[in-house]
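Structure record follows, encoded as structure tokens.
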Amino acid sequence: MSRELPPLNALRAFEAAARLQSVSQAAEELSVTHGAVSRQIRALEEQLGLALFVKDGRGVKLTDAGVRLRDAAFDAFERLRSTCADLRRQGEDAPFVLGCPGSLLARWFIPRLDRLQRELPELRLQLSASEGELDPRRPGVDATLCFASPPWPADMQVYELAAERIGPVLSPRYARFAELAERPAAALLGEPLLHTASRPQAWPQWAQAQGLDPAALRQGQGFEHLYYLLEAAAAGLGVAIAPQPLVADDLAGGRLVAPWGFVESPARLALWVPGRSRDGRAERLAQWLGRELGG
């Protein structure tokens with residue numbers, strides 16, 4: 001039996017098309033034409049003497065042989081990517097790149113950054129902030145810290161750090177502060193509530209946990225990012241909602257007040273690491289984050 005492998009370009013084209021379930025998306029990922037990917041797949045099928053894809057309506061689907069080869073090719077390419085990334089880190093003494101939402105970075109992480117650098121100097125941390133949808137699989141990022149809800153994907157190693165606790169906050173400067181702060185949580189049903197497009201589910205989750213009807217909530221001024229939302233609340237513009245760690249320093253300093261406390265949401269603050277990463281720095285960072293949050 002021949003042990004000769006098919007051409008690497010053909011395997012790459014097949015693996016991308018099978019993983020993405022699209023020849024067009026595979027072509028875009030590989031920076032080649034749709035026709036080039038199709039030709040590579042046909043050449044691979046001819047060499048193997050088997051069909052890897054069959055027509056399915058207007059699209060295609062994998063045959064049983066295609067599924068077997070997809071799983072083997074994905075595993076092999078992921079091992080190669082992971083090993084090459086590890087070798088680059090060793091060769092370049094590269095920093096540990098952490099992706100993080102900008103609001104979490106500004107309001108919780110940066111105030112603790114000096115302590116982290118003192119306690120984990122070998123980390124050589126480099127931060128990559130984003131307020132959009134974070135992709136923990138994107139190239140160039142070693143780990144991602146964010147709030148998300150389980151179940152966790154099988155191809156990621158996820159360190160659960162803390163349950164998310166959310167609650168309404170407002171400033172003593174708010175015109176209706178004295179009136180609202182002495183009333184039960186139901187008083188907020190008539191209040192125009194500050195909200196953010198990045199967490200539209202926060203207010204409804206809080207209302208349900210309080211036994212209130214989410215449909216009775218009244219939306220006030222909206223903001224694109226949580227950071228701006230909380231700055232607006234601190235300026236006395238209204239009542240906002242936020243995860244407890246992101247307002248802990250404001251509460252301690254009296255800049256914000258949380259008269260109705262915090263309730264647990266389905267989300268968890270977690271550190272996401274590519275499943276095949278062998279970088280021990282991720283585990284040390286997860287342990288440090290857990291201690292900080294616990295403290």
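Each chain in the structure tokens gets a letter, A, B, ..., in the order shown, and its residues are numbered from 1; ligands are numbered from 1 in order too.
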
(message) as a list in words, please: the residues near Pro121 of chain A (cut-off 12 Å, only C-alpha atoms, same-chain neighbours under 4 positions excluded).
(response)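 Once the nearby chain positions are removed, what remains is Pro95, Phe96, Leu113, Asp114, Arg115, Leu116, Gln117, Leu125, Arg281, Arg284 and Leu285 of chain A.
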
Go ahead and write the residues just picked, N, CA, C and O atoms, as a PDB file, in the first residue's frame.
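Okay, this is what ended up in out.pdb:
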```
ATOM      1  N   PRO A  95       5.176  37.942  23.361  1.00  0.00           N
ATOM      2  CA  PRO A  95       4.292  38.200  24.502  1.00  0.00           C
ATOM      3  C   PRO A  95       3.049  37.337  24.444  1.00  0.00           C
ATOM      4  O   PRO A  95       2.734  36.734  23.417  1.00  0.00           O
ATOM      5  N   PHE A  96       2.340  37.278  25.538  1.00  0.00           N
ATOM      6  CA  PHE A  96       1.067  36.561  25.620  1.00  0.00           C
ATOM      7  C   PHE A  96      -0.024  37.564  25.263  1.00  0.00           C
ATOM      8  O   PHE A  96      -0.251  38.546  25.974  1.00  0.00           O
ATOM      9  N   LEU A 113      -3.619  45.888  36.413  1.00  0.00           N
ATOM     10  CA  LEU A 113      -2.548  45.499  35.511  1.00  0.00           C
ATOM     11  C   LEU A 113      -1.172  45.577  36.167  1.00  0.00           C
ATOM     12  O   LEU A 113      -0.323  44.704  35.953  1.00  0.00           O
ATOM     13  N   ASP A 114      -0.950  46.586  36.979  1.00  0.00           N
ATOM     14  CA  ASP A 114       0.356  46.725  37.630  1.00  0.00           C
ATOM     15  C   ASP A 114       0.621  45.542  38.554  1.00  0.00           C
ATOM     16  O   ASP A 114       1.731  44.993  38.579  1.00  0.00           O
ATOM     17  N   ARG A 115      -0.386  45.122  39.298  1.00  0.00           N
ATOM     18  CA  ARG A 115      -0.224  43.975  40.195  1.00  0.00           C
ATOM     19  C   ARG A 115       0.015  42.694  39.387  1.00  0.00           C
ATOM     20  O   ARG A 115       0.847  41.860  39.763  1.00  0.00           O
ATOM     21  N   LEU A 116      -0.695  42.531  38.288  1.00  0.00           N
ATOM     22  CA  LEU A 116      -0.491  41.358  37.439  1.00  0.00           C
ATOM     23  C   LEU A 116       0.949  41.310  36.920  1.00  0.00           C
ATOM     24  O   LEU A 116       1.588  40.248  36.939  1.00  0.00           O
ATOM     25  N   GLN A 117       1.456  42.431  36.468  1.00  0.00           N
ATOM     26  CA  GLN A 117       2.819  42.459  35.919  1.00  0.00           C
ATOM     27  C   GLN A 117       3.863  42.169  36.986  1.00  0.00           C
ATOM     28  O   GLN A 117       4.902  41.566  36.696  1.00  0.00           O
ATOM     29  N   LEU A 125       2.490  40.375  29.023  1.00  0.00           N
ATOM     30  CA  LEU A 125       1.133  40.486  28.513  1.00  0.00           C
ATOM     31  C   LEU A 125       0.991  41.609  27.493  1.00  0.00           C
ATOM     32  O   LEU A 125       1.486  42.720  27.672  1.00  0.00           O
ATOM     33  N   ARG A 281       1.305  29.557  30.265  1.00  0.00           N
ATOM     34  CA  ARG A 281       0.989  30.895  30.766  1.00  0.00           C
ATOM     35  C   ARG A 281      -0.518  31.104  30.871  1.00  0.00           C
ATOM     36  O   ARG A 281      -0.978  31.864  31.728  1.00  0.00           O
ATOM     37  N   ARG A 284      -1.665  29.809  34.218  1.00  0.00           N
ATOM     38  CA  ARG A 284      -1.230  30.698  35.300  1.00  0.00           C
ATOM     39  C   ARG A 284      -2.051  31.983  35.322  1.00  0.00           C
ATOM     40  O   ARG A 284      -2.394  32.496  36.401  1.00  0.00           O
ATOM     41  N   LEU A 285      -2.378  32.502  34.136  1.00  0.00           N
ATOM     42  CA  LEU A 285      -3.221  33.694  34.078  1.00  0.00           C
ATOM     43  C   LEU A 285      -4.615  33.394  34.613  1.00  0.00           C
ATOM     44  O   LEU A 285      -5.188  34.193  35.364  1.00  0.00           O
TER      45      LEU A 285
END
```

(message) What parts of segment 122-254 of chain A does DSSP call helix (DSSP H, G or I)? I'd like the answer as JSON, numbers by chain.
(response) {"A": [122, 123, 177, 178, 179, 180, 181, 185, 186, 187, 188, 189, 190, 202, 203, 204, 205, 206, 207, 208, 209, 214, 215, 216, 226, 227, 228, 229, 230, 231, 232, 233, 234, 244, 245, 246, 247, 248, 249, 250, 251, 252, 253]}

(request) For segment 241-253 of chain A, list every protein, DNA or RNA residue within 7 Å, evaluated using only C-alpha atoms, and leave out those in the same chain fewer than 4 positions away; present the list as an MDAnalysis selection string. (result) chainID A and resid 104 107:108 164:169 203 257 262

(request) Name all residues at most 10 Å from Asp71 of chain A (count only C-alpha atoms; drop same-chain ones fewer than 5 positions away) and give them as a ChimeraX atom specification. (result) /A:15,18-19,66,76

How close does each residue of segment 84-164 of chain A get to segment 215-228 of chain A, giving the shortest atom pair and distance in Å to one decimal for every residue with an atom at most 8 Å away, counting only C-alpha atoms, sorted by chain and residue number, as JSON lines?
```
{"residue": "A:Gly102", "atom": "CA", "partner": "A:Tyr227", "partner_atom": "CA", "distance": 7.6}
{"residue": "A:Ser103", "atom": "CA", "partner": "A:Tyr227", "partner_atom": "CA", "distance": 4.9}
{"residue": "A:Ala106", "atom": "CA", "partner": "A:Tyr227", "partner_atom": "CA", "distance": 7.9}
{"residue": "A:Arg107", "atom": "CA", "partner": "A:Tyr227", "partner_atom": "CA", "distance": 7.8}
{"residue": "A:Glu131", "atom": "CA", "partner": "A:His225", "partner_atom": "CA", "distance": 6.7}
```

Save out the residues we just selected, N, CA, C and O atoms, as a compact mmCIF listing (two decimals), in the first residue's frame.
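Final output, saved to out.txt:
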```
# COMPACT_ATOMS: atom_id res chain seq x y z
N GLY A 102 -13.39 46.03 25.50
CA GLY A 102 -12.83 47.30 25.97
C GLY A 102 -13.38 47.73 27.31
O GLY A 102 -12.65 48.29 28.15
N SER A 103 -14.66 47.49 27.56
CA SER A 103 -15.25 47.90 28.84
C SER A 103 -14.67 47.12 30.01
O SER A 103 -14.36 47.69 31.06
N ALA A 106 -11.04 48.39 30.51
CA ALA A 106 -10.90 49.71 31.11
C ALA A 106 -11.35 49.75 32.56
O ALA A 106 -10.72 50.38 33.40
N ARG A 107 -12.43 49.05 32.88
CA ARG A 107 -13.04 49.21 34.19
C ARG A 107 -12.63 48.17 35.21
O ARG A 107 -12.86 48.35 36.40
N GLU A 131 -14.78 45.97 21.20
CA GLU A 131 -16.14 46.07 21.72
C GLU A 131 -17.12 45.28 20.87
O GLU A 131 -18.28 45.20 21.17
```

(message) Could you check the closest approach to Ala73 of chain A for each of A:Leu105, A:Leu123, A:Arg12, A:Ala129 and tell me which residue wins, using only C-alpha atoms?
(response) A:Arg12

(message) For a test of reading the model, state the distance in Å between atom CA of Leu98 of chain A and atom CA of Ala17 of chain A, rounded to one decimal.
(response)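 It comes out at 29.2 Å.
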
(request) Name all residues at most 8 Å from Ala233 of chain A (count only C-alpha atoms; drop same-chain ones fewer than 6 positions away) and give them as a ChimeraX atom specification. (result) /A:169-171,194,239-240,256

Export of prior selection with all heavy atoms as a PDB file, in the first residue's frame:
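Writing done, so here's selection-v5.pdb:
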```
ATOM      1  N   VAL A 169     -27.456  50.313  38.512  1.00  0.00           N
ATOM      2  CA  VAL A 169     -26.612  51.272  39.222  1.00  0.00           C
ATOM      3  C   VAL A 169     -27.001  52.683  38.778  1.00  0.00           C
ATOM      4  O   VAL A 169     -27.432  52.898  37.653  1.00  0.00           O
ATOM      5  CB  VAL A 169     -25.111  51.021  38.958  1.00  0.00           C
ATOM      6  CG1 VAL A 169     -24.666  49.696  39.545  1.00  0.00           C
ATOM      7  CG2 VAL A 169     -24.788  51.076  37.466  1.00  0.00           C
ATOM      8  N   LEU A 170     -26.831  53.627  39.672  1.00  0.00           N
ATOM      9  CA  LEU A 170     -27.092  55.031  39.361  1.00  0.00           C
ATOM     10  C   LEU A 170     -26.235  55.907  40.240  1.00  0.00           C
ATOM     11  O   LEU A 170     -25.665  55.454  41.243  1.00  0.00           O
ATOM     12  CB  LEU A 170     -28.565  55.372  39.522  1.00  0.00           C
ATOM     13  CG  LEU A 170     -29.184  55.427  40.936  1.00  0.00           C
ATOM     14  CD1 LEU A 170     -30.546  56.121  40.886  1.00  0.00           C
ATOM     15  CD2 LEU A 170     -29.353  54.042  41.535  1.00  0.00           C
ATOM     16  N   SER A 171     -26.131  57.143  39.858  1.00  0.00           N
ATOM     17  CA  SER A 171     -25.291  58.093  40.584  1.00  0.00           C
ATOM     18  C   SER A 171     -26.131  58.881  41.585  1.00  0.00           C
ATOM     19  O   SER A 171     -27.305  59.183  41.321  1.00  0.00           O
ATOM     20  CB  SER A 171     -24.643  59.059  39.592  1.00  0.00           C
ATOM     21  OG  SER A 171     -24.056  60.151  40.256  1.00  0.00           O
ATOM     22  N   LEU A 194     -31.241  53.353  30.984  1.00  0.00           N
ATOM     23  CA  LEU A 194     -30.095  53.394  30.078  1.00  0.00           C
ATOM     24  C   LEU A 194     -29.739  51.966  29.676  1.00  0.00           C
ATOM     25  O   LEU A 194     -29.757  51.057  30.501  1.00  0.00           O
ATOM     26  CB  LEU A 194     -28.894  54.051  30.763  1.00  0.00           C
ATOM     27  CG  LEU A 194     -29.103  55.463  31.325  1.00  0.00           C
ATOM     28  CD1 LEU A 194     -27.814  55.963  31.971  1.00  0.00           C
ATOM     29  CD2 LEU A 194     -29.588  56.425  30.266  1.00  0.00           C
ATOM     30  N   VAL A 239     -30.428  55.426  35.085  1.00  0.00           N
ATOM     31  CA  VAL A 239     -30.129  54.148  35.722  1.00  0.00           C
ATOM     32  C   VAL A 239     -29.595  53.192  34.652  1.00  0.00           C
ATOM     33  O   VAL A 239     -30.236  52.983  33.614  1.00  0.00           O
ATOM     34  CB  VAL A 239     -31.380  53.538  36.381  1.00  0.00           C
ATOM     35  CG1 VAL A 239     -31.023  52.251  37.120  1.00  0.00           C
ATOM     36  CG2 VAL A 239     -32.021  54.547  37.330  1.00  0.00           C
ATOM     37  N   ALA A 240     -28.439  52.614  34.904  1.00  0.00           N
ATOM     38  CA  ALA A 240     -27.812  51.667  33.980  1.00  0.00           C
ATOM     39  C   ALA A 240     -27.783  50.293  34.632  1.00  0.00           C
ATOM     40  O   ALA A 240     -28.132  50.128  35.808  1.00  0.00           O
ATOM     41  CB  ALA A 240     -26.391  52.115  33.628  1.00  0.00           C
ATOM     42  N   LEU A 256     -21.000  55.501  42.025  1.00  0.00           N
ATOM     43  CA  LEU A 256     -22.250  54.840  41.677  1.00  0.00           C
ATOM     44  C   LEU A 256     -22.798  54.125  42.900  1.00  0.00           C
ATOM     45  O   LEU A 256     -22.043  53.798  43.835  1.00  0.00           O
ATOM     46  CB  LEU A 256     -22.042  53.829  40.542  1.00  0.00           C
ATOM     47  CG  LEU A 256     -21.720  54.384  39.147  1.00  0.00           C
ATOM     48  CD1 LEU A 256     -21.368  53.247  38.194  1.00  0.00           C
ATOM     49  CD2 LEU A 256     -22.902  55.189  38.596  1.00  0.00           C
TER      50      LEU A 256
END
```

(request) May I ask which of the residues A:Ala282, A:Leu271, A:Ala187, A:Val32 is the closest one to Trp152 of chain A, counting only C-alpha atoms? (result) A:Leu271

(request) Please provide as a ChimeraX atom specification all residues within 12 Å of Ala154 of chain A, with the sequence filter that same-chain residues fewer than 5 positions apart are discarded (counting only C-alpha atoms). (result) /A:272-276
